[in-house]
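Below is one structure, written out as structure tokens; the observations come after it.
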Amino acid sequence: MEGTITTATEALRDEEVHRTRVFIRLGWLASVMGLSAAPFLHGNRGVQLWFVIALAVGIVVSFYYHQRFRDPAQYGPRALLVLGVMCAINTHVAILYFGALTATPVFIVIGMYFVGRSELSARRAIYVTSAACHAAISVALVAGVRDPGVYATSRELGAAAYVLGALYVQGAYWVAYYTGMRQREVSLAAIEHLQRQTRIASQRAAVLDELRADLSRAQRGGVGFYTDRELGGFRLGALLGRGSYGEIYEAVTRASGETVAIKVLHREQCVDPTQVARFLREARLTTAAGSSHVVRVIAASEPGEPVPYIAMERLRGATLAELLAKKGQLTRAELVALVTQVGHGLDAVHAQSIVHRDLKPQNLFLDGLTWKIVDFGIARLADADSTLTRGAVIGTPHFMAPEQAQGKTVDHRADLYALGAIAYRALTGRNAYGGHDAAAVLYGVVHHMPVRPSALVDVVEDVDRWAALALAKHPDARPASGKLLASQLVAALRGELAPAVREAADRRIAAQPWAEAAP
């Protein structure tokens with residue numbers, strides 16, 4: 001997915017995180033070389049001791065941040081400030097050790113260019129620290145203190161020479177810092193058109209989803225292959241719809257005359273034992289939930305039957321995808337009802353150690369006033385292996401949790417993330433992430449945050465905080481249950497989030513800020 005960008009600022013930030021880790025590794029190399037050379041150099045013993053201590057501490061601290069920055073969300077102003085100020089001080093200890101007028105300040109010049117390109121507020125503090133450290137050394141030399149450096153000249157150069165040298169180094173610091181800042185602005189401008197295109201693609205993605213729902217509706221009704229045939233104790237009637245690996249028919253129970261819906265596996269997939277096993281497993285997992293907010297399974301075919309099927313309650317109404325295609329967005333009351341009811345359904349599912357893994361608007365059905373979760377085709381038991389899904393990354397990109405997009409093992413919190421992404425779509429009228437293809441969407445899901453909801457619709461800031469936790473990259477940062485997710489949404493819409501929740505959300509937003517709103 002390299003090169004896939006959602007916004008210019010985010011792209012440069014990703015590059016900055018990678019560049020910081022490379023810079024740290026180069027610092028290790030320079031530190032090891034310095035430590036190796038110290039025993040063979042005969043300089044001021046006190047300065048030499050501080051030099052060795054500074055390099056050793058720098059290696060340990062930088063190793064901590066190098067590992068921490070494996071997760072881009074951990075890269076923030078405070079981390080950069082600590083790392084940058086430490087490097088600035090350590091390098092000026094090295095300048096004292098080797099000599100104020102040696103080439104050692106070149107390391108700071110390189111660092112200033114790096115810091116100048118940073119988007120974080122810490123860059124100015126790092127520059128000021130570097131300039132102040134060198135100024136302190138220069139003032140001491142001008143005042144007559146002897147340069148303790150190993151390669152310091154043995155003859156007196158005079159105050160004028162030290163002043164000129166200090167001005168030269170300070171100028172080099174400023175030029176490198178200023179060049180880095182200007183280079184960042186140039187880079188932002190150069191990829192601005194990609195930022196606009198991606199934002200437009202995000203809006204188009206929502207429209208495409210709705211067009212697919214229109215196509216699905218157009219396919220409903222009429223005669224299917226199994227119309228007027230009998231399966232088990234059911235007589236099949238009109239074709240209601242088609243899915244990725246099954247068709248749904250209206251049917252009548254032969255014994256009682258009850259109207260039901262029958263899902264039949266596509267004929268071409270009946271020869272694949274894995275597909276059949278996955279299909280029939282859906283009935284077992286759906287039945288286990290036992291919730292009024294999960295579609296009720298009435299019966300299923302036995303293993304070995306020529307036509308696998310699942311008989312479910314007949315729902316009358318529309319999917320969330322169909323409602324959004326008509327209305328664009330849900331009202332606040334409708335949103336609360338959706339998240340509350342689906343959240344209760346998910347809690348019932350998760351209590352049976354089942355993870356749905358493909359929660360999306362097409363799989364949420366409004367039957368009267370009741371929301372129901374449907375299609376457990378790729379669900380799995382939380383403690384089972386992935387044999388039936390062959391370990392593949394499966395799901396719908398727009399509503400897939402980051403850990404799921406990365407092919408990691410997921411638990412119930414992936415479903416809660418999906419519900420958060422669905423709520424974002426229903427509230428704002430657009431998907432959280434957009435892109436010209438699935439790879440672009442998944443890249444955004446893993447690495448970026450979407451536009452804050454309050455930039456798209458009129459909601460209070462607490463709703464932004466709720467969304468930041470619901471869509472958190474780390475599963476541990478998300479609400480732990482559907483009930484909690486729903487109750488926090490209700491509080492957020494009223495502007496009444498608990499202080500602890502607000503603090504957690506603010507920390508999350510500071511660590512990984514929202515994307516910029518489309519112009």
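Residue numbering restarts at 1 for every chain of the structure tokens, chains are lettered A, B, ... in their displayed order, and ligands are numbered from 1 as they appear.
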Per-residue nearest contacts segment 344-450 of chain A to segment 327-331 of chain A, cut-off 9 Å, using only C-alpha atoms, as a Markdown table:
| residue | atom | partner | partner_atom | distance |
| --- | --- | --- | --- | --- |
| A:Arg425 | CA | A:Gln329 | CA | 7.6 |
| A:Ala426 | CA | A:Gln329 | CA | 4.9 |
| A:Leu427 | CA | A:Gln329 | CA | 5.7 |
| A:Thr428 | CA | A:Gln329 | CA | 6.7 |
| A:Gly429 | CA | A:Gln329 | CA | 5.1 |
| A:Arg430 | CA | A:Gly328 | CA | 8.5 |
With segment 42-57 of chain A as the partner and 7 Å as the cut-off, tabulate the residues of segment 67-100 of chain A that qualify, each row holding the nearest pair of atoms and their distance in Å to one decimal, using only C-alpha atoms, sorted by chain and rising number, as a tab-separated table.
residue	atom	partner	partner_atom	distance
A:Asn90	CA	A:Ala54	CA	5.4
A:Val93	CA	A:Phe51	CA	5.8
A:Ala94	CA	A:Phe51	CA	6.0
A:Tyr97	CA	A:Val47	CA	5.9
Just the residues within 10 Å of Ile95 of chain A, please, counting only C-alpha atoms, with nothing from its chain fewer than 4 positions along; format it as a list in words. Phe51, Ile89, Asn90, Thr91, Gly99, Ala100, Leu101, Thr102, Ala103, Thr104, Pro105, Val106, Phe107, Ile108, His134, Ile137, Pro148, Gly149 and Val150 of chain A
Measuring between only C-alpha atoms, which one of A:Met449, A:Ala432, A:Ala486, A:Ala311 shows the shortest distance to Trp466 of chain A?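 Counting only C-alpha atoms, the residue closest to Trp466 of chain A is A:Ala486.
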Shell of 9 Å around segment 68-72 of chain A, only C-alpha atoms, local chain residues under 3 positions omitted, as an MDAnalysis selection string: chainID A and resid 13:14 17:18 20:21 63:65 75:76 447 511:512
Could you turn the residues from that selection into a file that holds C-alpha atoms, as a compact mmCIF listing (two decimals), in the first residue's frame?
# COMPACT_ATOMS: atom_id res chain seq x y z
CA ARG A 13 3.61 12.62 9.37
CA ASP A 14 3.96 8.95 8.41
CA VAL A 17 7.80 8.73 12.00
CA HIS A 18 9.80 6.48 9.68
CA THR A 20 12.77 9.53 13.09
CA ARG A 21 13.44 5.83 13.56
CA PHE A 63 16.16 2.67 21.97
CA TYR A 64 13.00 3.07 24.08
CA TYR A 65 11.54 5.61 21.66
CA TYR A 75 4.65 9.55 18.09
CA GLY A 76 3.69 12.92 19.55
CA HIS A 447 -2.66 4.53 9.85
CA ALA A 511 -1.54 11.09 20.01
CA GLN A 512 -3.22 10.74 16.62
Please identify all polymer residues within 12 Å of Tyr226 of chain A, counting only C-alpha atoms, omitting same-chain residues fewer than 6 positions from it, and present them as a VMD selection string. chain A and resid 234 to 240 246 to 251 262 to 267 307 309
A:Tyr433, A:Trp371, A:Phe376, A:Tyr113: which is nearest Val175 of chain A, counting only C-alpha atoms?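 Going through A:Tyr433, A:Trp371, A:Phe376, A:Tyr113 one by one, the smallest distance to Val175 of chain A is for A:Tyr113.
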Among the residues of segment 233-323 of chain A, find those DSSP assigns to strand (DSSP E or B) from the backbone and print them as a PyMOL selection string. chain A and resi 234-242+246-253+259-265+294+297-300+309-313+317-319
Please produce a file of those selected residues containing C-alpha atoms, as a CSV table (one decimal), in the first residue's frame.
chain,number,residue,atom,x,y,z
A,234,PHE,CA,-40.4,-25.5,3.3
A,235,ARG,CA,-41.8,-24.5,0.0
A,236,LEU,CA,-39.9,-21.7,-1.6
A,237,GLY,CA,-41.5,-18.7,-3.3
A,238,ALA,CA,-40.2,-15.4,-4.6
A,239,LEU,CA,-36.6,-14.5,-4.7
A,240,LEU,CA,-36.0,-11.7,-2.2
A,241,GLY,CA,-32.3,-11.0,-2.8
A,242,ARG,CA,-28.8,-12.2,-3.6
A,246,GLY,CA,-26.3,-17.2,-1.2
A,247,GLU,CA,-29.8,-16.4,-2.4
A,248,ILE,CA,-32.7,-15.5,-0.1
A,249,TYR,CA,-36.2,-16.7,-0.9
A,250,GLU,CA,-39.5,-16.1,0.8
A,251,ALA,CA,-40.9,-19.5,1.9
A,252,VAL,CA,-43.8,-21.1,3.7
A,253,THR,CA,-43.5,-23.8,6.4
A,259,THR,CA,-43.8,-17.4,6.4
A,260,VAL,CA,-40.0,-17.5,6.7
A,261,ALA,CA,-36.9,-16.6,4.7
A,262,ILE,CA,-34.7,-19.3,3.3
A,263,LYS,CA,-31.0,-18.6,2.5
A,264,VAL,CA,-29.7,-21.1,-0.1
A,265,LEU,CA,-26.0,-21.5,-0.9
A,294,VAL,CA,-30.1,-11.0,16.0
A,297,VAL,CA,-32.8,-19.1,12.8
A,298,ILE,CA,-35.6,-21.5,12.6
A,299,ALA,CA,-33.9,-24.5,11.0
A,300,ALA,CA,-31.0,-25.6,8.8
A,309,TYR,CA,-30.1,-23.9,3.4
A,310,ILE,CA,-30.9,-21.9,6.5
A,311,ALA,CA,-34.5,-21.0,7.4
A,312,MET,CA,-34.8,-17.7,9.3
A,313,GLU,CA,-37.5,-15.4,10.5
A,317,GLY,CA,-38.5,-3.4,6.4
A,318,ALA,CA,-35.1,-2.2,5.1
A,319,THR,CA,-31.4,-2.5,5.7
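The gap separating atom CA of Glu516 of chain A from atom CA of Ala440 of chain A is 17.1 Å, in Å to one decimal.
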Applying 9 Å and only C-alpha atoms, which residues near segment 31-33 of chain A remain after dropping the ones on its own chain fewer than 3 positions away? List them as a list in words.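 So the residues in contact are Leu26, Gly27, Trp28, Ser36, Ala37, Ala38, Leu55, Ala56, Gly58 and Ile59 of chain A.
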C-alpha atoms of the current selection, written as an mmCIF file, in the first residue's frame:
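To be explicit, this is the file written out as out-v3.cif:
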data_model
loop_
_atom_site.group_PDB
_atom_site.id
_atom_site.type_symbol
_atom_site.label_atom_id
_atom_site.label_comp_id
_atom_site.auth_asym_id
_atom_site.auth_seq_id
_atom_site.Cartn_x
_atom_site.Cartn_y
_atom_site.Cartn_z
ATOM 1 C CA LEU A 26 22.156 6.594 12.664
ATOM 2 C CA GLY A 27 22.584 8.145 16.114
ATOM 3 C CA TRP A 28 23.408 4.732 17.520
ATOM 4 C CA SER A 36 34.956 3.260 20.708
ATOM 5 C CA ALA A 37 37.248 6.204 20.068
ATOM 6 C CA ALA A 38 37.111 7.652 23.617
ATOM 7 C CA LEU A 55 26.224 8.713 24.787
ATOM 8 C CA ALA A 56 25.258 5.722 26.946
ATOM 9 C CA GLY A 58 21.277 8.547 24.708
ATOM 10 C CA ILE A 59 21.467 5.001 23.373
#
